[in-house]
$ cat my_file-v3.tsv   # TSV, N, CA and C atoms
chain	number	residue	atom	x	y	z
M	702	MET	N	110.20	148.93	60.12
M	702	MET	CA	111.06	149.26	59.02
M	702	MET	C	110.37	150.32	58.16
M	703	THR	N	111.00	151.43	57.96
M	703	THR	CA	110.46	152.48	57.10
M	703	THR	C	110.62	152.08	55.65
M	704	VAL	N	109.59	152.31	54.87
M	704	VAL	CA	109.67	152.11	53.42
M	704	VAL	C	109.26	153.42	52.75
M	705	TYR	N	109.81	153.63	51.57
M	705	TYR	CA	109.59	154.85	50.81
M	705	TYR	C	108.93	154.51	49.48
M	706	VAL	N	108.09	155.42	49.01
M	706	VAL	CA	107.51	155.29	47.69
M	706	VAL	C	107.91	156.55	46.93
M	707	SER	N	108.56	156.34	45.80
M	707	SER	CA	108.98	157.44	44.93
M	707	SER	C	108.10	157.41	43.69
M	708	GLY	N	107.48	158.53	43.39
M	708	GLY	CA	106.64	158.63	42.20
M	708	GLY	C	107.13	159.71	41.26
M	709	HIS	N	107.22	159.35	39.98
M	709	HIS	CA	107.55	160.30	38.92
M	709	HIS	C	106.30	160.42	38.08
M	710	ILE	N	105.67	161.58	38.14
M	710	ILE	CA	104.33	161.76	37.59
M	710	ILE	C	104.35	162.78	36.46
M	711	THR	N	103.69	162.44	35.36
M	711	THR	CA	103.47	163.38	34.27
M	711	THR	C	101.99	163.70	34.24
M	712	ILE	N	101.66	164.92	34.64
M	712	ILE	CA	100.26	165.35	34.73
M	712	ILE	C	99.85	166.01	33.43
M	713	HIS	N	98.74	165.55	32.85
M	713	HIS	CA	98.24	166.14	31.61
M	713	HIS	C	96.86	166.76	31.75
M	714	ASP	N	96.22	166.59	32.91
M	714	ASP	CA	94.91	167.20	33.16
M	714	ASP	C	94.89	167.68	34.62
M	715	ARG	N	95.23	168.95	34.82
M	715	ARG	CA	95.34	169.50	36.18
M	715	ARG	C	94.01	169.50	36.92
M	716	ALA	N	92.91	169.75	36.25
M	716	ALA	CA	91.61	169.78	36.92
M	716	ALA	C	91.25	168.39	37.45
M	717	GLU	N	91.46	167.37	36.66
M	717	GLU	CA	91.17	166.01	37.12
M	717	GLU	C	92.13	165.59	38.22
M	718	TYR	N	93.39	166.00	38.10
M	718	TYR	CA	94.38	165.67	39.13
M	718	TYR	C	94.02	166.34	40.46
M	719	ALA	N	93.43	167.53	40.39
M	719	ALA	CA	93.00	168.23	41.61
M	719	ALA	C	91.95	167.42	42.37
M	720	ALA	N	91.12	166.67	41.67
M	720	ALA	CA	90.12	165.82	42.33
M	720	ALA	C	90.82	164.71	43.12
M	721	TYR	N	91.92	164.20	42.60
M	721	TYR	CA	92.74	163.21	43.31
M	721	TYR	C	93.37	163.83	44.56
M	722	GLU	N	93.96	165.00	44.38
M	722	GLU	CA	94.62	165.68	45.50
M	722	GLU	C	93.65	166.02	46.62
M	723	ALA	N	92.41	166.35	46.27
M	723	ALA	CA	91.43	166.76	47.28
M	723	ALA	C	91.16	165.67	48.31
M	724	GLY	N	91.24	164.42	47.92
M	724	GLY	CA	90.98	163.33	48.85
M	724	GLY	C	92.20	162.60	49.34
M	725	PHE	N	93.37	162.98	48.84
M	725	PHE	CA	94.59	162.21	49.09
M	725	PHE	C	95.00	162.17	50.56
M	726	MET	N	95.19	163.31	51.19
M	726	MET	CA	95.78	163.36	52.54
M	726	MET	C	94.93	162.61	53.57
M	727	GLU	N	93.63	162.72	53.48
M	727	GLU	CA	92.77	162.05	54.46
M	727	GLU	C	92.99	160.54	54.43
M	728	VAL	N	93.03	159.97	53.24
M	728	VAL	CA	93.24	158.52	53.12
M	728	VAL	C	94.68	158.17	53.48
M	729	PHE	N	95.62	158.94	52.99
M	729	PHE	CA	97.05	158.70	53.18
M	729	PHE	C	97.43	158.66	54.66
M	730	GLU	N	97.00	159.64	55.43
M	730	GLU	CA	97.36	159.73	56.84
M	730	GLU	C	96.74	158.61	57.67
M	731	THR	N	95.60	158.08	57.23
M	731	THR	CA	94.95	156.97	57.93
M	731	THR	C	95.85	155.75	58.03
M	732	PHE	N	96.76	155.58	57.08
M	732	PHE	CA	97.63	154.41	57.04
M	732	PHE	C	99.06	154.72	57.52
M	733	GLY	N	99.24	155.85	58.19
M	733	GLY	CA	100.54	156.19	58.76
M	733	GLY	C	101.52	156.77	57.76
M	734	GLY	N	101.03	157.27	56.64
M	734	GLY	CA	101.91	157.84	55.63
M	734	GLY	C	102.44	159.21	56.02
M	735	THR	N	103.65	159.51	55.56
M	735	THR	CA	104.27	160.82	55.75
M	735	THR	C	104.67	161.36	54.39
M	736	LEU	N	104.24	162.56	54.08
M	736	LEU	CA	104.59	163.22	52.83
M	736	LEU	C	105.94	163.90	53.02
M	737	LEU	N	106.96	163.46	52.29
M	737	LEU	CA	108.32	163.96	52.46
M	737	LEU	C	108.69	165.02	51.43
M	738	SER	N	108.21	164.87	50.19
M	738	SER	CA	108.56	165.83	49.15
M	738	SER	C	107.54	165.78	48.03
M	739	VAL	N	107.17	166.96	47.55
M	739	VAL	CA	106.41	167.13	46.31
M	739	VAL	C	107.11	168.26	45.58
M	740	ASP	N	107.64	167.97	44.40
M	740	ASP	CA	108.46	168.96	43.71
M	740	ASP	C	108.14	168.95	42.22
M	741	GLU	N	107.76	170.11	41.70
M	741	GLU	CA	107.48	170.22	40.27
M	741	GLU	C	108.67	170.77	39.49
M	742	ALA	N	109.77	171.02	40.18
M	742	ALA	CA	110.97	171.51	39.50
M	742	ALA	C	112.22	170.93	40.17
M	743	PRO	N	112.33	169.59	40.23
M	743	PRO	CA	113.52	169.02	40.87
M	743	PRO	C	114.76	169.31	40.03
M	744	THR	N	115.89	169.38	40.70
M	744	THR	CA	117.17	169.58	40.01
M	744	THR	C	117.64	168.23	39.49
M	745	VAL	N	117.88	168.15	38.20
M	745	VAL	CA	118.34	166.90	37.58
M	745	VAL	C	119.84	166.80	37.81
M	746	LEU	N	120.25	165.78	38.53
M	746	LEU	CA	121.66	165.55	38.80
M	746	LEU	C	122.31	164.75	37.68
M	747	GLU	N	121.62	163.74	37.20
M	747	GLU	CA	122.09	162.92	36.08
M	747	GLU	C	120.89	162.47	35.27
M	748	GLY	N	121.11	162.21	33.99
M	748	GLY	CA	120.06	161.65	33.15
M	748	GLY	C	119.06	162.69	32.69
M	749	ASN	N	117.89	162.19	32.31
M	749	ASN	CA	116.82	163.03	31.77
M	749	ASN	C	115.64	163.02	32.73
M	750	TRP	N	114.95	164.14	32.81
M	750	TRP	CA	113.75	164.24	33.62
M	750	TRP	C	112.63	164.71	32.72
M	751	GLU	N	111.62	163.88	32.55
M	751	GLU	CA	110.50	164.24	31.70
M	751	GLU	C	109.20	164.37	32.46
M	752	ALA	N	109.17	163.96	33.72
M	752	ALA	CA	107.94	164.05	34.52
M	752	ALA	C	107.67	165.50	34.90
M	753	THR	N	106.45	165.76	35.32
M	753	THR	CA	106.08	167.11	35.76
M	753	THR	C	106.05	167.22	37.28
M	754	ARG	N	106.16	166.07	37.99
M	754	ARG	CA	106.12	166.11	39.45
M	754	ARG	C	106.89	164.91	40.02
M	755	PHE	N	107.65	165.19	41.08
M	755	PHE	CA	108.31	164.15	41.86
M	755	PHE	C	107.64	164.11	43.22
M	756	VAL	N	107.33	162.91	43.70
M	756	VAL	CA	106.72	162.75	45.02
M	756	VAL	C	107.49	161.69	45.78
M	757	LEU	N	107.79	161.97	47.05
M	757	LEU	CA	108.43	161.00	47.93
M	757	LEU	C	107.62	160.92	49.21
M	758	ILE	N	107.14	159.70	49.52
M	758	ILE	CA	106.36	159.47	50.72
M	758	ILE	C	106.96	158.31	51.50
M	759	SER	N	106.61	158.20	52.76
M	759	SER	CA	107.09	157.07	53.56
M	759	SER	C	105.95	156.48	54.36
M	760	PHE	N	106.15	155.22	54.72
M	760	PHE	CA	105.21	154.47	55.55
M	760	PHE	C	106.03	153.66	56.55
M	761	PRO	N	105.41	153.26	57.65
M	761	PRO	CA	106.15	152.49	58.65
M	761	PRO	C	106.50	151.08	58.21
M	762	SER	N	105.84	150.55	57.18
M	762	SER	CA	106.14	149.19	56.73
M	762	SER	C	105.62	148.97	55.32
M	763	HIS	N	106.11	147.91	54.70
M	763	HIS	CA	105.63	147.52	53.37
M	763	HIS	C	104.14	147.17	53.44
M	764	ASP	N	103.75	146.49	54.51
M	764	ASP	CA	102.33	146.13	54.68
M	764	ASP	C	101.46	147.39	54.74
M	765	ALA	N	101.94	148.45	55.38
M	765	ALA	CA	101.17	149.70	55.46
M	765	ALA	C	100.99	150.33	54.08
M	766	VAL	N	102.05	150.30	53.25
M	766	VAL	CA	101.96	150.82	51.88
M	766	VAL	C	100.87	150.07	51.12
M	767	MET	N	100.94	148.75	51.19
M	767	MET	CA	100.00	147.94	50.42
M	767	MET	C	98.58	148.08	50.95
M	768	ALA	N	98.42	148.22	52.26
M	768	ALA	CA	97.08	148.42	52.84
M	768	ALA	C	96.50	149.75	52.35
M	769	TRP	N	97.33	150.81	52.32
M	769	TRP	CA	96.91	152.11	51.82
M	769	TRP	C	96.54	152.02	50.34
M	770	TYR	N	97.45	151.49	49.54
M	770	TYR	CA	97.24	151.46	48.09
M	770	TYR	C	96.01	150.65	47.70
M	771	ASN	N	95.76	149.56	48.39
M	771	ASN	CA	94.64	148.68	48.06
M	771	ASN	C	93.35	149.01	48.80
M	772	SER	N	93.38	150.04	49.66
M	772	SER	CA	92.20	150.38	50.45
M	772	SER	C	91.07	150.91	49.57
M	773	ASP	N	89.86	150.74	50.04
M	773	ASP	CA	88.70	151.27	49.33
M	773	ASP	C	88.80	152.79	49.18
M	774	GLY	N	89.27	153.46	50.23
M	774	GLY	CA	89.40	154.91	50.18
M	774	GLY	C	90.35	155.38	49.10
M	775	TYR	N	91.51	154.73	48.99
M	775	TYR	CA	92.47	155.13	47.96
M	775	TYR	C	91.97	154.75	46.57
M	776	GLN	N	91.41	153.58	46.45
M	776	GLN	CA	90.91	153.16	45.13
M	776	GLN	C	89.79	154.07	44.63
M	777	ALA	N	89.05	154.68	45.56
M	777	ALA	CA	88.00	155.62	45.16
M	777	ALA	C	88.55	156.90	44.55
M	778	ILE	N	89.78	157.31	44.95
M	778	ILE	CA	90.34	158.56	44.41
M	778	ILE	C	91.40	158.33	43.33
M	779	VAL	N	92.06	157.18	43.33
M	779	VAL	CA	93.16	156.96	42.39
M	779	VAL	C	92.68	156.97	40.94
M	780	LYS	N	91.41	156.73	40.72
M	780	LYS	CA	90.87	156.78	39.36
M	780	LYS	C	91.09	158.17	38.74
M	781	HIS	N	91.08	159.21	39.59
M	781	HIS	CA	91.32	160.57	39.10
M	781	HIS	C	92.78	160.74	38.66
M	782	ARG	N	93.72	160.17	39.44
M	782	ARG	CA	95.13	160.25	39.04
M	782	ARG	C	95.36	159.48	37.76
M	783	HIS	N	94.76	158.30	37.65
M	783	HIS	CA	94.92	157.50	36.44
M	783	HIS	C	94.41	158.26	35.21
M	784	ALA	N	93.29	158.95	35.36
M	784	ALA	CA	92.72	159.70	34.23
M	784	ALA	C	93.52	160.96	33.90
M	785	ALA	N	94.23	161.51	34.90
M	785	ALA	CA	94.88	162.81	34.74
M	785	ALA	C	96.38	162.75	34.51
M	786	SER	N	96.99	161.56	34.69
M	786	SER	CA	98.45	161.51	34.65
M	786	SER	C	98.96	160.11	34.34
M	787	VAL	N	100.25	160.05	34.14
M	787	VAL	CA	100.97	158.79	34.01
M	787	VAL	C	102.03	158.80	35.11
M	788	MET	N	102.14	157.69	35.86
M	788	MET	CA	103.10	157.66	36.96
M	788	MET	C	103.93	156.39	36.91
M	789	ASN	N	105.21	156.55	37.21
M	789	ASN	CA	106.11	155.44	37.50
M	789	ASN	C	106.41	155.54	38.99
M	790	ALA	N	106.24	154.44	39.72
M	790	ALA	CA	106.45	154.47	41.16
M	790	ALA	C	107.17	153.20	41.60
M	791	VAL	N	108.00	153.34	42.63
M	791	VAL	CA	108.69	152.20	43.22
M	791	VAL	C	108.60	152.28	44.73
M	792	ILE	N	108.66	151.11	45.37
M	792	ILE	CA	108.75	151.02	46.83
M	792	ILE	C	110.18	150.63	47.15
M	793	SER	N	110.79	151.34	48.10
M	793	SER	CA	112.17	151.08	48.49
M	793	SER	C	112.26	150.93	50.01
M	794	THR	N	113.03	149.95	50.46
M	794	THR	CA	113.21	149.71	51.89
M	794	THR	C	114.21	150.69	52.46
M	795	GLY	N	113.89	151.27	53.61
M	795	GLY	CA	114.78	152.21	54.27
M	795	GLY	C	115.99	151.52	54.87
M	796	LEU	N	117.04	152.26	55.09
M	796	LEU	CA	118.27	151.71	55.64
M	796	LEU	C	118.13	151.23	57.08
M	797	ASP	N	117.12	151.72	57.79
M	797	ASP	CA	116.94	151.27	59.17
M	797	ASP	C	116.73	149.76	59.23
M	798	GLU	N	116.24	149.16	58.15
M	798	GLU	CA	116.05	147.71	58.10
M	798	GLU	C	117.33	147.00	57.66
M	799	LEU	N	118.15	147.66	56.88
M	799	LEU	CA	119.32	147.02	56.29
M	799	LEU	C	120.59	147.21	57.10
M	800	ALA	N	120.68	148.31	57.83
M	800	ALA	CA	121.91	148.63	58.56
M	800	ALA	C	121.99	147.87	59.87
M	801	PRO	N	123.21	147.51	60.30
M	801	PRO	CA	123.34	146.88	61.61
M	801	PRO	C	123.03	147.89	62.71
M	802	PRO	N	122.61	147.42	63.87
M	802	PRO	CA	122.31	148.36	64.96
M	802	PRO	C	123.58	149.07	65.41
M	803	PRO	N	123.44	150.29	65.92
M	803	PRO	CA	124.62	151.01	66.40
M	803	PRO	C	125.16	150.34	67.66
M	804	PRO	N	126.45	150.56	67.96
M	804	PRO	CA	127.01	149.98	69.19
M	804	PRO	C	126.35	150.63	70.40
M	805	PRO	N	126.32	149.93	71.54
M	805	PRO	CA	125.70	150.51	72.74
M	805	PRO	C	126.50	151.71	73.23
M	806	LEU	N	125.81	152.63	73.85
M	806	LEU	CA	126.46	153.81	74.43
M	806	LEU	C	127.17	153.39	75.72
M	807	PRO	N	128.28	154.07	76.06
M	807	PRO	CA	128.95	153.77	77.33
M	807	PRO	C	128.03	154.10	78.51
M	808	ALA	N	128.22	153.41	79.60
M	808	ALA	CA	127.46	153.68	80.80
M	808	ALA	C	127.76	155.07	81.31
M	809	PRO	N	126.81	155.73	81.95
M	809	PRO	CA	127.07	157.08	82.50
M	809	PRO	C	128.28	157.08	83.41
M	810	GLY	N	129.11	158.11	83.29
M	810	GLY	CA	130.29	158.23	84.14
M	810	GLY	C	131.50	157.46	83.61
M	811	THR	N	131.37	156.77	82.47
M	811	THR	CA	132.50	156.06	81.89
M	811	THR	C	132.75	156.61	80.50
M	812	THR	N	133.86	156.24	79.93
M	812	THR	CA	134.17	156.61	78.56
M	812	THR	C	134.19	155.35	77.72
M	813	ALA	N	134.20	155.52	76.43
M	813	ALA	CA	134.19	154.36	75.55
M	813	ALA	C	135.45	153.52	75.74
M	814	ALA	N	136.55	154.14	76.17
M	814	ALA	CA	137.82	153.40	76.35
M	814	ALA	C	137.89	152.70	77.70
M	815	SER	N	136.99	152.99	78.65
M	815	SER	CA	137.06	152.41	79.99
M	815	SER	C	136.77	150.93	79.97

$ encode --input "my_file-v3.tsv" --output "structure tokens"
Amino acid sequence: MTVYVSGHITIHDRAEYAAYEAGFMEVFETFGGTLLSVDEAPTVLEGNWEATRFVLISFPSHDAVMAWYNSDGYQAIVKHRHAASVMNAVISTGLDELAPPPPPLPAPGTTAAS
């Protein structure tokens, strides 16, 4: 089941945040993470946007997210993000876990109506 982590980040110290970014991908990829979006100018569709960065990442499972977040490697770098920014983040379950499976495909040489 794919899970997503959405982060709304307000960065107030770019130099300190750069120290976080320098170690991020190496630790992140170790746990099967995929970086889907990093945007410092997202289009606001509704409501107010006060953050300076939007981040969307995915992992193969909730357990993978928690293993990454609680890992020694991530905890060693996250102190830089904490010092440099304020973040609101949520974990969301992907639809592949919630949706029913698709119907089977027709056998070769037949049609769905056969």

$ select_by_dssp --input "my_file-v3.tsv" --residues "chain M" --states "alpha helix (DSSP H)" --output "ChimeraX atom specification"
/M:715-731,763-771,773-785,796-799

$ residues_around --input "my_file-v3.tsv" --residues "M:Ala742" --least-positions-apart "6" --cutoff "6.5 Å" --atoms "all atoms listed in the file" --output "PyMOL selection string"
chain M and resi 753-755

$ closest_residue --input "my_file-v3.tsv" --among "M:Ala719, M:Gly748, M:Pro805, M:Val704" --to "M:Ala785" --atoms "all atoms listed in the file"
M:Ala719

$ axis_aligned_box --input "my_file-v3.tsv" --around "stretch 780-786 of chain M" --padding-each-side "8 Å" --output "lines of an AutoDock Vina configuration file"
center_x = 94.9
center_y = 159.8
center_z = 37.3
size_x = 24.1
size_y = 22.1
size_z = 22.8

$ closest_atom_pairs --input "my_file-v3.tsv" --of "stretch 730-758 of chain M" --to "stretch 771-779 of chain M" --cutoff "12 Å" --atoms "only C-alpha atoms" --output "JSON lines"
{"residue": "M:Glu730", "atom": "CA", "partner": "M:Tyr775", "partner_atom": "CA", "distance": 11.1}
{"residue": "M:Thr731", "atom": "CA", "partner": "M:Gly774", "partner_atom": "CA", "distance": 9.8}
{"residue": "M:Phe732", "atom": "CA", "partner": "M:Ser772", "partner_atom": "CA", "distance": 9.4}

$ closest_residue --input "my_file-v3.tsv" --among "M:Val739, M:Gly724, M:Gly734, M:Lys780" --to "M:Val766" --atoms "only N, CA and C atoms"
M:Gly734

$ closest_residue --input "my_file-v3.tsv" --among "M:Tyr770, M:Val787, M:Phe760, M:Gly733" --to "M:Ile710" --atoms "only N, CA and C atoms"
M:Val787

$ atom_distance --input "my_file-v3.tsv" --atom1 "atom CA of M:Ser762" --atom2 "atom CA of M:Ser738"
18.4 Å
